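Chemist: File data.txt follows (compact mmCIF, C-alpha atoms):
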```
# COMPACT_ATOMS: atom_id res chain seq x y z
CA MET X 1 0.00 0.00 0.00
CA SER X 2 2.63 2.52 1.04
CA LEU X 3 4.56 2.03 -2.18
CA ILE X 4 1.69 3.39 -4.30
CA ILE X 5 1.14 6.38 -2.04
CA PHE X 6 4.80 7.32 -1.78
CA LYS X 7 5.32 7.01 -5.52
CA MET X 8 2.60 9.63 -6.07
CA SER X 9 4.16 13.04 -6.51
CA GLY X 10 2.67 16.13 -4.92
CA LEU X 11 1.12 17.15 -8.25
CA LEU X 12 -0.58 13.77 -8.69
CA LYS X 13 -1.97 13.91 -5.15
CA TYR X 14 -3.41 17.37 -5.81
CA LEU X 15 -4.85 16.20 -9.13
CA LEU X 16 -6.51 13.20 -7.50
CA VAL X 17 -8.00 15.37 -4.75
CA SER X 18 -9.08 17.98 -7.34
CA HIS X 19 -10.72 15.27 -9.43
CA ILE X 20 -12.81 14.19 -6.44
CA ILE X 21 -13.71 17.70 -5.30
CA PHE X 22 -14.59 19.05 -8.76
CA GLY X 23 -16.59 15.92 -9.57
CA LEU X 24 -18.54 16.35 -6.34
CA LEU X 25 -19.02 20.02 -7.13
CA GLY X 26 -20.51 19.09 -10.51
CA ALA X 27 -22.88 16.50 -9.03
CA VAL X 28 -23.96 18.76 -6.15
CA ALA X 29 -24.49 21.73 -8.49
CA PHE X 30 -26.73 19.74 -10.81
CA TYR X 31 -28.58 18.28 -7.81
CA ALA X 32 -29.31 21.89 -6.79
CA ALA X 33 -30.39 22.66 -10.38
CA LEU X 34 -32.67 19.60 -10.37
CA MET X 35 -34.31 20.64 -7.08
CA ASN X 36 -34.95 24.13 -8.45
CA LEU X 37 -36.29 22.87 -11.77
CA LEU X 38 -38.91 20.95 -9.82
CA LYS X 39 -40.31 24.28 -8.54
CA PRO X 40 -41.92 27.14 -10.49
CA ILE X 41 -39.22 29.29 -12.15
CA ASP X 42 -39.11 33.06 -11.87
CA PHE X 43 -36.47 35.70 -12.60
CA LYS X 44 -34.68 35.16 -9.26
CA LYS X 45 -34.59 31.37 -9.68
CA ILE X 46 -33.17 31.69 -13.20
CA LYS X 47 -30.16 33.63 -11.85
CA PHE X 48 -29.52 30.82 -9.40
CA LEU X 49 -30.09 28.15 -12.07
CA LYS X 50 -27.63 29.87 -14.42
CA PHE X 51 -25.03 30.00 -11.66
CA VAL X 52 -25.37 26.36 -10.55
CA SER X 53 -25.56 24.92 -14.05
CA LEU X 54 -22.41 26.79 -15.13
CA THR X 55 -20.66 25.77 -11.89
CA GLY X 56 -21.65 22.17 -12.50
CA PHE X 57 -20.40 22.29 -16.10
CA PHE X 58 -16.99 23.67 -15.12
CA GLY X 59 -16.86 21.25 -12.19
CA PHE X 60 -17.21 18.30 -14.56
CA ILE X 61 -14.72 19.75 -17.05
CA LEU X 62 -12.08 20.33 -14.35
CA SER X 63 -12.75 16.89 -12.86
CA TRP X 64 -12.36 15.37 -16.35
CA PHE X 65 -9.00 17.05 -16.96
CA SER X 66 -7.53 16.53 -13.48
CA GLY X 67 -8.69 12.90 -13.31
CA GLY X 68 -7.66 12.33 -16.91
CA TYR X 69 -4.08 13.50 -16.32
CA TYR X 70 -3.80 11.32 -13.20
CA TYR X 71 -5.29 8.36 -15.10
CA VAL X 72 -3.10 8.64 -18.20
CA ILE X 73 0.18 9.45 -16.43
CA TYR X 74 -0.05 7.42 -13.22
CA TYR X 75 -2.99 5.02 -12.87
CA GLY X 76 -2.19 2.72 -15.81
CA GLY X 77 1.40 2.07 -14.79
CA SER X 78 1.19 2.16 -10.99
CA VAL X 79 -2.33 1.49 -9.70
CA LYS X 80 -3.90 -0.81 -12.30
CA PRO X 81 -1.30 -3.60 -11.90
CA VAL X 82 -1.84 -3.57 -8.11
CA ILE X 83 -5.61 -3.89 -8.47
CA LYS X 84 -5.39 -6.57 -11.18
CA SER X 85 -2.99 -8.68 -9.11
CA GLY X 86 -4.99 -8.17 -5.90
CA GLU X 87 -8.09 -9.78 -4.43
CA TYR X 88 -10.57 -7.86 -6.59
CA PRO X 89 -9.25 -7.59 -10.17
CA TRP X 90 -12.82 -7.05 -11.44
CA ILE X 91 -12.73 -3.64 -9.77
CA HIS X 92 -10.50 -2.49 -12.62
CA SER X 93 -12.02 -4.63 -15.41
CA ILE X 94 -15.60 -3.67 -14.61
CA LEU X 95 -15.78 -0.61 -12.36
CA MET X 96 -12.84 1.45 -13.59
CA GLU X 97 -13.45 0.65 -17.26
CA THR X 98 -17.15 1.58 -16.90
CA LYS X 99 -16.41 4.71 -14.90
CA GLU X 100 -13.76 6.08 -17.27
CA HIS X 101 -16.18 5.85 -20.20
CA ILE X 102 -19.53 6.91 -18.74
CA PHE X 103 -17.83 9.91 -17.12
CA ILE X 104 -17.24 11.34 -20.61
CA PHE X 105 -21.04 11.64 -21.03
CA LEU X 106 -21.19 14.24 -18.28
CA PRO X 107 -19.61 17.33 -19.94
CA PHE X 108 -21.92 16.95 -22.96
CA LEU X 109 -25.03 16.51 -20.80
CA ALA X 110 -23.92 19.46 -18.68
CA LEU X 111 -23.51 21.65 -21.77
CA VAL X 112 -27.06 20.78 -22.85
CA ALA X 113 -28.46 21.76 -19.44
CA VAL X 114 -26.47 25.03 -19.41
CA ALA X 115 -27.59 25.88 -22.95
CA ALA X 116 -31.24 25.15 -22.18
CA ILE X 117 -31.20 27.29 -19.02
CA TYR X 118 -29.30 30.19 -20.61
CA LEU X 119 -31.27 30.22 -23.87
CA PHE X 120 -34.77 29.64 -22.47
CA LYS X 121 -34.37 31.58 -19.19
CA GLU X 122 -37.76 32.24 -17.50
CA ASN X 123 -39.52 30.94 -20.64
CA LEU X 124 -38.76 27.45 -19.36
CA GLU X 125 -41.79 27.87 -17.11
CA GLN X 126 -44.01 28.30 -20.18
CA ASN X 127 -42.90 25.00 -21.65
CA GLN X 128 -43.32 22.32 -19.01
CA LYS X 129 -42.25 19.50 -21.36
CA ILE X 130 -38.83 21.06 -21.92
CA LYS X 131 -38.49 22.04 -18.26
CA LYS X 132 -39.24 18.47 -17.19
CA ALA X 133 -36.79 17.10 -19.78
CA VAL X 134 -34.01 19.44 -18.59
CA ALA X 135 -34.75 18.34 -14.99
CA LEU X 136 -34.37 14.72 -16.11
CA VAL X 137 -31.04 15.53 -17.82
CA CYS X 138 -29.88 16.96 -14.47
CA ALA X 139 -31.13 13.83 -12.70
CA VAL X 140 -29.20 11.60 -15.12
CA MET X 141 -26.04 13.65 -14.46
CA VAL X 142 -26.50 13.35 -10.69
CA ALA X 143 -27.03 9.58 -11.05
CA ILE X 144 -23.95 9.09 -13.25
CA GLY X 145 -21.94 11.35 -10.91
CA ALA X 146 -23.05 9.43 -7.82
CA VAL X 147 -22.36 6.04 -9.43
CA SER X 148 -18.93 7.27 -10.60
CA ALA X 149 -18.15 8.48 -7.05
CA LEU X 150 -19.10 5.08 -5.58
CA MET X 151 -17.00 3.31 -8.20
CA GLY X 152 -14.14 5.65 -7.33
CA LEU X 153 -14.45 4.64 -3.67
CA ALA X 154 -14.27 0.96 -4.58
CA ILE X 155 -11.27 1.56 -6.87
CA SER X 156 -9.51 3.46 -4.07
CA GLY X 157 -10.33 0.57 -1.74
CA ALA X 158 -8.74 -1.94 -4.07
CA ALA X 159 -5.73 0.31 -4.63
CA VAL X 160 -5.02 1.10 -1.00
CA ASN X 161 -5.54 -2.36 0.48
CA MET Z 1 0.36 36.61 8.72
CA ASN Z 2 -1.80 36.34 5.61
CA ALA Z 3 -4.13 33.45 4.77
CA ALA Z 4 -1.91 32.02 2.02
CA LYS Z 5 1.08 31.70 4.36
CA VAL Z 6 -1.09 30.03 7.01
CA TYR Z 7 -2.40 27.54 4.46
CA TYR Z 8 1.09 26.77 3.12
CA ASN Z 9 2.34 25.97 6.60
CA MET Z 10 -0.54 23.68 7.42
CA ASP Z 11 0.22 20.04 6.99
CA LEU Z 12 -2.32 17.59 5.60
CA SER Z 13 -3.06 16.07 9.02
CA THR Z 14 -4.18 19.45 10.31
CA ILE Z 15 -6.45 19.98 7.31
CA PHE Z 16 -8.04 16.57 7.82
CA ALA Z 17 -8.43 17.20 11.57
CA ILE Z 18 -10.26 20.47 10.81
CA ASN Z 19 -12.35 18.60 8.25
CA LYS Z 20 -13.35 16.01 10.86
CA GLY Z 21 -14.33 18.71 13.34
CA LEU Z 22 -16.35 20.58 10.71
CA HIS Z 23 -18.12 17.39 9.64
CA SER Z 24 -19.13 16.59 13.23
CA PHE Z 25 -20.22 20.17 13.95
CA VAL Z 26 -22.35 20.50 10.82
CA ALA Z 27 -23.85 17.03 11.44
CA VAL Z 28 -25.16 18.29 14.77
CA ILE Z 29 -26.58 21.43 13.09
CA GLY Z 30 -28.21 19.36 10.35
CA LEU Z 31 -29.73 16.94 12.84
CA ALA Z 32 -31.10 19.80 14.96
CA ALA Z 33 -32.50 21.49 11.85
CA ALA Z 34 -34.22 18.24 10.77
CA PHE Z 35 -36.00 18.01 14.13
CA LEU Z 36 -36.85 21.71 14.15
CA ALA Z 37 -38.26 21.47 10.62
CA GLU Z 38 -40.68 18.80 11.78
CA ILE Z 39 -41.69 20.75 14.90
CA PHE Z 40 -42.10 24.03 12.99
CA TYR Z 41 -44.20 22.28 10.34
CA LEU Z 42 -46.46 20.52 12.83
CA LYS Z 43 -46.96 23.66 14.88
CA ASN Z 44 -47.22 25.90 11.79
CA LEU Z 45 -44.52 28.24 13.10
CA LYS Z 46 -42.74 30.90 11.05
CA GLY Z 47 -39.15 30.36 9.99
CA LEU Z 48 -39.53 27.10 8.06
CA PRO Z 49 -37.84 28.40 4.85
CA MET Z 50 -34.77 29.38 6.90
CA ILE Z 51 -34.62 25.94 8.50
CA TYR Z 52 -34.85 24.26 5.09
CA LYS Z 53 -31.99 26.49 3.93
CA ILE Z 54 -29.89 25.37 6.91
CA LEU Z 55 -30.73 21.75 6.10
CA ARG Z 56 -29.66 22.17 2.47
CA TRP Z 57 -26.37 23.88 3.29
CA SER Z 58 -25.65 21.34 6.04
CA MET Z 59 -26.12 18.52 3.57
CA ILE Z 60 -23.81 20.15 0.98
CA ILE Z 61 -21.05 20.71 3.58
CA LEU Z 62 -21.46 17.19 4.95
CA ILE Z 63 -21.11 15.64 1.49
CA PHE Z 64 -17.87 17.49 0.82
CA THR Z 65 -16.38 16.97 4.28
CA GLY Z 66 -17.53 13.35 4.22
CA PHE Z 67 -15.70 12.67 0.96
CA MET Z 68 -12.60 14.28 2.43
CA PHE Z 69 -12.44 11.32 4.86
CA PHE Z 70 -12.03 9.07 1.81
CA VAL Z 71 -9.42 11.39 0.34
CA LYS Z 72 -7.48 11.14 3.62
CA TRP Z 73 -7.68 7.36 3.44
CA ARG Z 74 -6.73 7.30 -0.26
CA LEU Z 75 -3.64 9.38 0.50
CA GLY Z 76 -2.59 6.76 3.02
CA LEU Z 77 -3.18 8.87 6.12
CA GLY Z 78 -5.39 6.33 7.83
CA GLY Z 79 -9.05 5.45 8.12
CA ALA Z 80 -9.34 2.05 6.46
CA ARG Z 81 -12.37 1.37 8.62
CA LEU Z 82 -14.32 3.80 6.40
CA PHE Z 83 -14.39 1.19 3.73
CA PHE Z 84 -14.66 -2.08 5.64
CA ASN Z 85 -17.49 -1.32 8.05
CA GLY Z 86 -21.12 -2.41 7.55
CA ALA Z 87 -22.61 0.35 9.71
CA LEU Z 88 -20.72 3.05 7.77
CA TRP Z 89 -21.93 1.62 4.46
CA ALA Z 90 -25.45 1.73 5.94
CA LYS Z 91 -24.79 5.40 6.70
CA TYR Z 92 -23.74 6.10 3.09
CA THR Z 93 -26.84 4.26 1.82
CA ILE Z 94 -29.07 6.24 4.17
CA VAL Z 95 -27.55 9.52 2.95
CA ALA Z 96 -28.35 8.46 -0.63
CA ILE Z 97 -31.93 7.62 0.45
CA LEU Z 98 -32.17 11.05 2.09
CA LEU Z 99 -31.12 12.79 -1.13
CA VAL Z 100 -33.53 10.76 -3.29
CA ASN Z 101 -36.29 11.37 -0.72
CA ALA Z 102 -35.72 15.13 -0.99
CA VAL Z 103 -36.09 14.99 -4.79
CA LEU Z 104 -39.25 12.87 -4.61
CA MET Z 105 -40.78 15.20 -2.02
CA GLN Z 106 -39.89 18.24 -4.13
CA ALA Z 107 -41.42 16.62 -7.20
CA LYS Z 108 -44.49 15.76 -5.10
CA LYS Z 109 -44.12 12.09 -6.02
CA ILE Z 110 -44.39 10.96 -2.40
CA PRO Z 111 -46.66 12.34 0.32
CA LEU Z 112 -45.33 14.05 3.41
CA LYS Z 113 -46.42 11.15 5.60
CA ILE Z 114 -43.70 9.07 3.91
CA GLY Z 115 -41.17 11.83 3.21
CA ALA Z 116 -41.13 13.35 6.69
CA PRO Z 117 -40.27 10.22 8.72
CA VAL Z 118 -37.70 9.16 6.09
CA SER Z 119 -36.03 12.57 6.37
CA LEU Z 120 -36.09 12.68 10.17
CA VAL Z 121 -34.90 9.10 10.70
CA SER Z 122 -32.28 9.40 7.92
CA TRP Z 123 -30.65 12.44 9.52
CA SER Z 124 -30.70 10.71 12.91
CA ALA Z 125 -29.45 7.35 11.63
CA ALA Z 126 -26.65 8.95 9.59
CA PHE Z 127 -25.57 10.87 12.70
CA ILE Z 128 -25.75 7.79 14.93
CA PHE Z 129 -23.89 5.49 12.52
CA GLY Z 130 -21.32 8.19 11.97
CA LYS Z 131 -20.52 8.23 15.66
CA TRP Z 132 -21.24 4.57 16.49
CA HIS Z 133 -20.19 1.94 13.95
CA PRO Z 134 -19.00 -1.22 15.73
CA GLN Z 135 -17.47 -3.93 13.57
CA TRP Z 136 -20.09 -6.47 14.68
CA LEU Z 137 -22.96 -4.45 13.18
CA TYR Z 138 -23.58 -5.76 9.67
CA PHE Z 139 -24.91 -3.62 6.84
CA TRP Z 140 -28.22 -5.51 6.49
CA SER Z 141 -28.90 -5.47 10.23
CA ALA Z 142 -28.31 -1.72 10.33
CA MET Z 143 -30.60 -1.17 7.32
CA ALA Z 144 -33.31 -3.41 8.77
CA GLY Z 145 -33.20 -1.39 11.99
CA TYR Z 146 -33.37 1.85 10.00
CA ILE Z 147 -36.43 0.73 8.01
CA ALA Z 148 -38.19 -0.43 11.17
CA VAL Z 149 -37.58 2.91 12.85
CA VAL Z 150 -38.84 4.81 9.76
CA ILE Z 151 -42.12 2.87 9.93
CA VAL Z 152 -42.51 3.44 13.68
CA VAL Z 153 -41.70 7.16 13.42
CA GLY Z 154 -44.14 7.43 10.51
CA PHE Z 155 -46.96 6.15 12.71
CA ILE Z 156 -45.92 8.42 15.59
CA LEU Z 157 -45.89 11.51 13.36
CA GLU Z 158 -49.31 10.62 11.95
CA ALA Z 159 -50.67 10.22 15.48
CA ILE Z 160 -49.24 13.63 16.44
CA LYS Z 161 -50.79 15.21 13.33
CA ARG Z 162 -54.17 13.69 14.18
CA LYS Z 163 -53.94 15.03 17.70
CA LEU Z 164 -53.15 18.49 16.31
CA ASN Z 165 -56.26 18.11 14.12
CA TYR Z 166 -54.71 18.02 10.66
CA SER Z 167 -57.69 17.34 8.37
CA LYS Z 168 -55.79 16.27 5.24
CA ASP Z 169 -52.44 14.83 4.25
CA MET Z 170 -50.48 17.94 3.34
CA ARG Z 171 -47.83 17.88 0.63
CA CYS Z 172 -44.32 19.28 0.94
CA PRO Z 173 -44.46 23.12 1.13
CA MET P 1 -38.23 32.37 -28.06
CA ASN P 2 -36.62 33.24 -31.40
CA ASN P 3 -35.73 30.66 -34.03
CA ILE P 4 -31.93 31.11 -33.84
CA LYS P 5 -31.87 30.27 -30.12
CA LEU P 6 -34.05 27.23 -30.70
CA ARG P 7 -31.77 26.06 -33.53
CA ILE P 8 -28.65 26.55 -31.37
CA LEU P 9 -30.14 24.55 -28.51
CA ASN P 10 -31.37 21.83 -30.85
CA SER P 11 -27.91 21.56 -32.43
CA ILE P 12 -26.24 21.26 -29.03
CA ILE P 13 -28.67 18.48 -28.10
CA ILE P 14 -28.08 16.62 -31.38
CA GLY P 15 -24.31 17.01 -30.91
CA ALA P 16 -24.56 15.56 -27.39
CA ILE P 17 -26.64 12.60 -28.62
CA ALA P 18 -24.08 11.90 -31.34
CA ALA P 19 -21.17 12.15 -28.87
CA ILE P 20 -22.82 9.79 -26.38
CA ILE P 21 -23.65 7.21 -29.05
CA PHE P 22 -20.11 7.51 -30.41
CA ILE P 23 -18.54 6.97 -26.95
CA THR P 24 -20.71 3.88 -26.39
CA VAL P 25 -19.93 2.36 -29.78
CA ILE P 26 -16.19 3.09 -29.76
CA THR P 27 -15.83 1.76 -26.20
CA VAL P 28 -17.29 -1.59 -27.20
CA VAL P 29 -15.63 -1.81 -30.63
CA ALA P 30 -12.16 -0.75 -29.41
CA ASP P 31 -12.21 -3.45 -26.76
CA LEU P 32 -13.32 -6.10 -29.26
CA TYR P 33 -10.92 -5.00 -32.02
CA LEU P 34 -7.62 -4.23 -30.38
CA SER P 35 -6.20 -2.79 -33.61
CA LEU P 36 -8.59 0.16 -33.16
CA LYS P 37 -7.41 0.61 -29.59
CA ASP P 38 -3.79 0.51 -30.78
CA TRP P 39 -4.60 3.06 -33.49
CA LEU P 40 -6.12 5.41 -30.89
CA LYS P 41 -3.05 4.94 -28.69
CA ASN P 42 -0.66 5.69 -31.58
CA ILE P 43 -2.48 8.86 -32.65
CA PHE P 44 -3.55 10.24 -29.27
CA TYR P 45 -0.95 8.78 -26.83
CA HIS P 46 -3.72 6.97 -24.88
CA HIS P 47 -6.93 5.29 -26.13
CA TRP P 48 -9.08 7.08 -23.52
CA VAL P 49 -7.72 10.49 -24.55
CA GLY P 50 -8.50 9.63 -28.16
CA LYS P 51 -12.08 8.68 -27.33
CA GLY P 52 -12.61 11.98 -25.51
CA ILE P 53 -11.11 14.09 -28.30
CA LEU P 54 -13.01 12.26 -31.03
CA ALA P 55 -16.27 12.55 -29.04
CA ALA P 56 -15.74 16.31 -28.80
CA ILE P 57 -15.05 16.51 -32.57
CA ILE P 58 -18.19 14.45 -33.32
CA PHE P 59 -20.17 16.75 -31.00
CA PHE P 60 -19.06 19.89 -32.85
CA ILE P 61 -19.44 18.45 -36.35
CA SER P 62 -22.93 17.01 -35.67
CA GLY P 63 -24.02 20.22 -33.99
CA ILE P 64 -22.80 22.44 -36.82
CA LEU P 65 -24.25 20.17 -39.52
CA ASN P 66 -27.61 20.13 -37.75
CA PHE P 67 -27.57 23.92 -37.37
CA ILE P 68 -26.87 24.39 -41.09
CA SER P 69 -29.33 21.81 -42.38
CA ASN P 70 -32.20 22.36 -39.93
CA LYS P 71 -33.64 25.83 -40.61
CA ASN P 72 -36.67 25.31 -38.39
CA ALA P 73 -36.53 24.20 -34.79
CA ASP P 74 -39.56 24.25 -32.56
CA GLU P 75 -40.11 23.54 -28.91
CA GLU P 76 -41.81 20.20 -29.60
CA LYS P 77 -38.71 19.01 -31.48
CA ILE P 78 -36.42 20.16 -28.67
CA ALA P 79 -38.51 18.34 -26.05
CA LYS P 80 -38.41 15.19 -28.18
CA ASN P 81 -34.63 15.43 -28.72
CA LEU P 82 -34.04 16.00 -25.01
CA ASN P 83 -35.92 12.77 -24.29
CA ILE P 84 -33.82 10.96 -26.89
CA LEU P 85 -30.69 12.34 -25.18
CA ILE P 86 -31.87 11.10 -21.78
CA TRP P 87 -32.56 7.61 -23.14
CA ALA P 88 -29.27 7.58 -25.07
CA SER P 89 -27.32 8.32 -21.86
CA ILE P 90 -29.18 5.72 -19.81
CA ILE P 91 -28.93 3.00 -22.45
CA GLY P 92 -25.32 3.95 -23.23
CA SER P 93 -24.33 3.69 -19.55
CA LEU P 94 -26.07 0.34 -19.20
CA MET P 95 -24.55 -1.02 -22.41
CA ILE P 96 -21.05 -0.03 -21.35
CA SER P 97 -21.40 -1.57 -17.88
CA ILE P 98 -23.01 -4.79 -19.19
CA PHE P 99 -20.30 -5.07 -21.85
CA PHE P 100 -17.49 -4.85 -19.29
CA ILE P 101 -19.24 -7.30 -16.96
CA LEU P 102 -19.52 -9.79 -19.82
CA GLU P 103 -15.90 -9.18 -20.81
CA ALA P 104 -14.76 -9.82 -17.23
CA LEU P 105 -16.77 -13.04 -17.06
CA ARG P 106 -15.23 -14.36 -20.32
```
Will you turn the file into structure tokens for me?
Modeler:
Amino acid sequence: MSLIIFKMSGLLKYLLVSHIIFGLLGAVAFYAALMNLLKPIDFKKIKFLKFVSLTGFFGFILSWFSGGYYYVIYYGGSVKPVIKSGEYPWIHSILMETKEHIFIFLPFLALVAVAAIYLFKENLEQNQKIKKAVALVCAVMVAIGAVSALMGLAISGAAVN
Amino acid sequence: MNAAKVYYNMDLSTIFAINKGLHSFVAVIGLAAAFLAEIFYLKNLKGLPMIYKILRWSMIILIFTGFMFFVKWRLGLGGARLFFNGALWAKYTIVAILLVNAVLMQAKKIPLKIGAPVSLVSWSAAFIFGKWHPQWLYFWSAMAGYIAVVIVVGFILEAIKRKLNYSKDMRCP
Amino acid sequence: MNNIKLRILNSIIIGAIAAIIFITVITVVADLYLSLKDWLKNIFYHHWVGKGILAAIIFFISGILNFISNKNADEEKIAKNLNILIWASIIGSLMISIFFILEALR
């Protein structure tokens, strides 16, 4: 266990922590957007929705880049062999492989939600079908984010122990 | 001494110790707010929107500070029990139930007579399992206990509402 | 809401649908045909980086093509495309996870 941790440079540690925090920020922001889209929208709510959706979008982008750098530079060579030779090799073959690919959905979904909120603004309230669909897009992002976070916990578990 | 210099001199253990303290403190606030929300609602007192705001912010802070425990463990600074403990996994599951419950209540997909006891018991159970998580307590036993308490609290809250003469099942405000 | 804004939003949605379908397909195909994975690695340094970059390119190209070719976008169409996007993400996620489960069991 200690070998993996000590081999991680300061930059990689910060990138891993950033990946987790920005990913959480994205999921929490879109959870807040979802909760607000379930209520009637007025001018004040739109300001908040614009803020959280943009925060969520940048959260996912920064999580993508920070996690991506860590994954490409460090995970493949140092962490993956440990997991694959350990007690739970399926944690890489199933969980990590799934996570690294479904995560890429998130920035595109986030961009759709941001665009819908910024372009429609308060007019979202006039079109309940679109408002409901945008809420569902946010719900999908929260679900993928939550599942990715849980997978990340399991991967960390297999890597550390 | 400016903030940047203070931060630079802090070692990771200090940051995680502060994180632990913050998590515990906000958990108490969130738990108190959950109880107050129920009391304020039953007694139709003013101030409910502020309490809901406190509940929301508490949950956000708890999610971030909670994940920082995993970061601490991932960086090899201790805390393996976070991962290999049934009661703690019950806590994480209950937090997820709490978040889904909030969405369903907001979307008016579940009535308050289900949402309210789930919310109250979830906050309490998460707090309790956060503080008390013996190795002998398995995940399924903890969850079974949680579900049983939700049902009991549901009946108690309904009885209180009837005593306060609530004529109809009111939806989430 | 004016037509330009509706067309922009519709194009972004179409781009996202195309990107998600592309990610799902290339994930499965690259794991089944290792020559594709090697090609991605040779061009983009890492197969995962290649998938991300190509998904972004597909997003932009599909979006722009849709914007140019679709002169009329209405709210009904946007609602329908949003629902397609939601289903594409759910089915895509499930397909990717089921694929890797089956691969691990092989």
Chemist: Using all atoms listed in the file, which of the listed residues (X:Ile83, X:Val160, X:Ala133, X:Val52) sits closest to Ala27 (chain X)?
Modeler: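 Smallest distance to Ala27 (chain X) is found for X:Val52.
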Chemist: If you count all atoms listed in the file, which residues fall within 10 Å of Ala37 (chain Z), apart from same-chain ones fewer than 2 positions away, as JSON, numbers by chain?
Modeler: {"Z": [31, 32, 33, 34, 35, 39, 40, 41, 42, 43, 45, 47, 48, 49, 50, 51, 52, 54, 55, 116, 120]}
Chemist: Find, counting all atoms listed in the file, the residue in P:Trp39, P:Phe67, P:Leu34, P:Leu82 that gets nearest to Ile13 (chain P).
Modeler: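 Smallest distance to Ile13 (chain P) is found for P:Leu82.
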Chemist: Considering all atoms listed in the file, can you say which of P:Ser11, P:Lys5, P:Thr24, P:Arg106 comes closest to Leu94 (chain P)?
Modeler: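 Closest candidate: P:Thr24.
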Chemist: For chain X versus chain Z, which residues have an atom no more than 12 Å away, and what is each residue's nearest atom pair and distance in Å rounded to one decimal, using only C-alpha atoms, chain-then-number order, as CSV?
Modeler:
```
residue,atom,partner,partner_atom,distance
X:Met1,CA,Z:Gly76,CA,7.8
X:Ser2,CA,Z:Gly76,CA,7.0
X:Leu3,CA,Z:Gly76,CA,10.0
X:Ile4,CA,Z:Gly76,CA,9.1
X:Ile5,CA,Z:Leu75,CA,6.2
X:Phe6,CA,Z:Gly76,CA,8.8
X:Lys7,CA,Z:Leu75,CA,11.1
X:Met8,CA,Z:Leu75,CA,9.1
X:Ser9,CA,Z:Leu75,CA,11.1
X:Gly10,CA,Z:Leu75,CA,10.7
X:Leu12,CA,Z:Leu75,CA,10.6
X:Lys13,CA,Z:Leu75,CA,7.4
X:Tyr14,CA,Z:Leu75,CA,10.2
X:Leu15,CA,Z:Val71,CA,11.6
X:Leu16,CA,Z:Val71,CA,8.6
X:Val17,CA,Z:Val71,CA,6.6
X:Ser18,CA,Z:Val71,CA,10.1
X:His19,CA,Z:Val71,CA,10.6
X:Ile20,CA,Z:Val71,CA,8.1
X:Ile21,CA,Z:Phe64,CA,7.4
X:Phe22,CA,Z:Phe64,CA,10.2
X:Gly23,CA,Z:Phe64,CA,10.6
X:Leu24,CA,Z:Phe64,CA,7.3
X:Leu25,CA,Z:Phe64,CA,8.4
X:Gly26,CA,Z:Phe64,CA,11.7
X:Ala27,CA,Z:Ile60,CA,10.7
X:Val28,CA,Z:Ile60,CA,7.3
X:Ala29,CA,Z:Ile60,CA,9.6
X:Tyr31,CA,Z:Val103,CA,8.7
X:Ala32,CA,Z:Arg56,CA,9.3
X:Ala33,CA,Z:Val103,CA,11.1
X:Leu34,CA,Z:Val103,CA,8.0
X:Met35,CA,Z:Val103,CA,6.4
X:Asn36,CA,Z:Gln106,CA,8.8
X:Leu37,CA,Z:Ala107,CA,9.3
X:Leu38,CA,Z:Ala107,CA,5.6
X:Lys39,CA,Z:Gln106,CA,7.5
X:Pro40,CA,Z:Ala107,CA,11.0
X:Val79,CA,Z:Arg74,CA,11.9
X:Lys132,CA,Z:Ala107,CA,10.4
X:Ala135,CA,Z:Ala107,CA,10.4
X:Leu136,CA,Z:Val103,CA,11.5
X:Cys138,CA,Z:Val103,CA,11.7
X:Ala139,CA,Z:Val103,CA,9.4
X:Val142,CA,Z:Val100,CA,10.5
X:Ala143,CA,Z:Val100,CA,10.2
X:Ala146,CA,Z:Ala96,CA,9.0
X:Val147,CA,Z:Ala96,CA,10.9
X:Ala149,CA,Z:Phe67,CA,9.4
X:Leu150,CA,Z:Tyr92,CA,9.9
X:Gly152,CA,Z:Phe70,CA,10.0
X:Leu153,CA,Z:Phe70,CA,7.5
X:Ala154,CA,Z:Phe83,CA,8.3
X:Ile155,CA,Z:Arg74,CA,9.9
X:Ser156,CA,Z:Arg74,CA,6.1
X:Gly157,CA,Z:Phe83,CA,6.8
X:Ala158,CA,Z:Phe83,CA,10.1
X:Ala159,CA,Z:Arg74,CA,8.3
X:Val160,CA,Z:Arg74,CA,6.5
X:Asn161,CA,Z:Ala80,CA,8.3
```
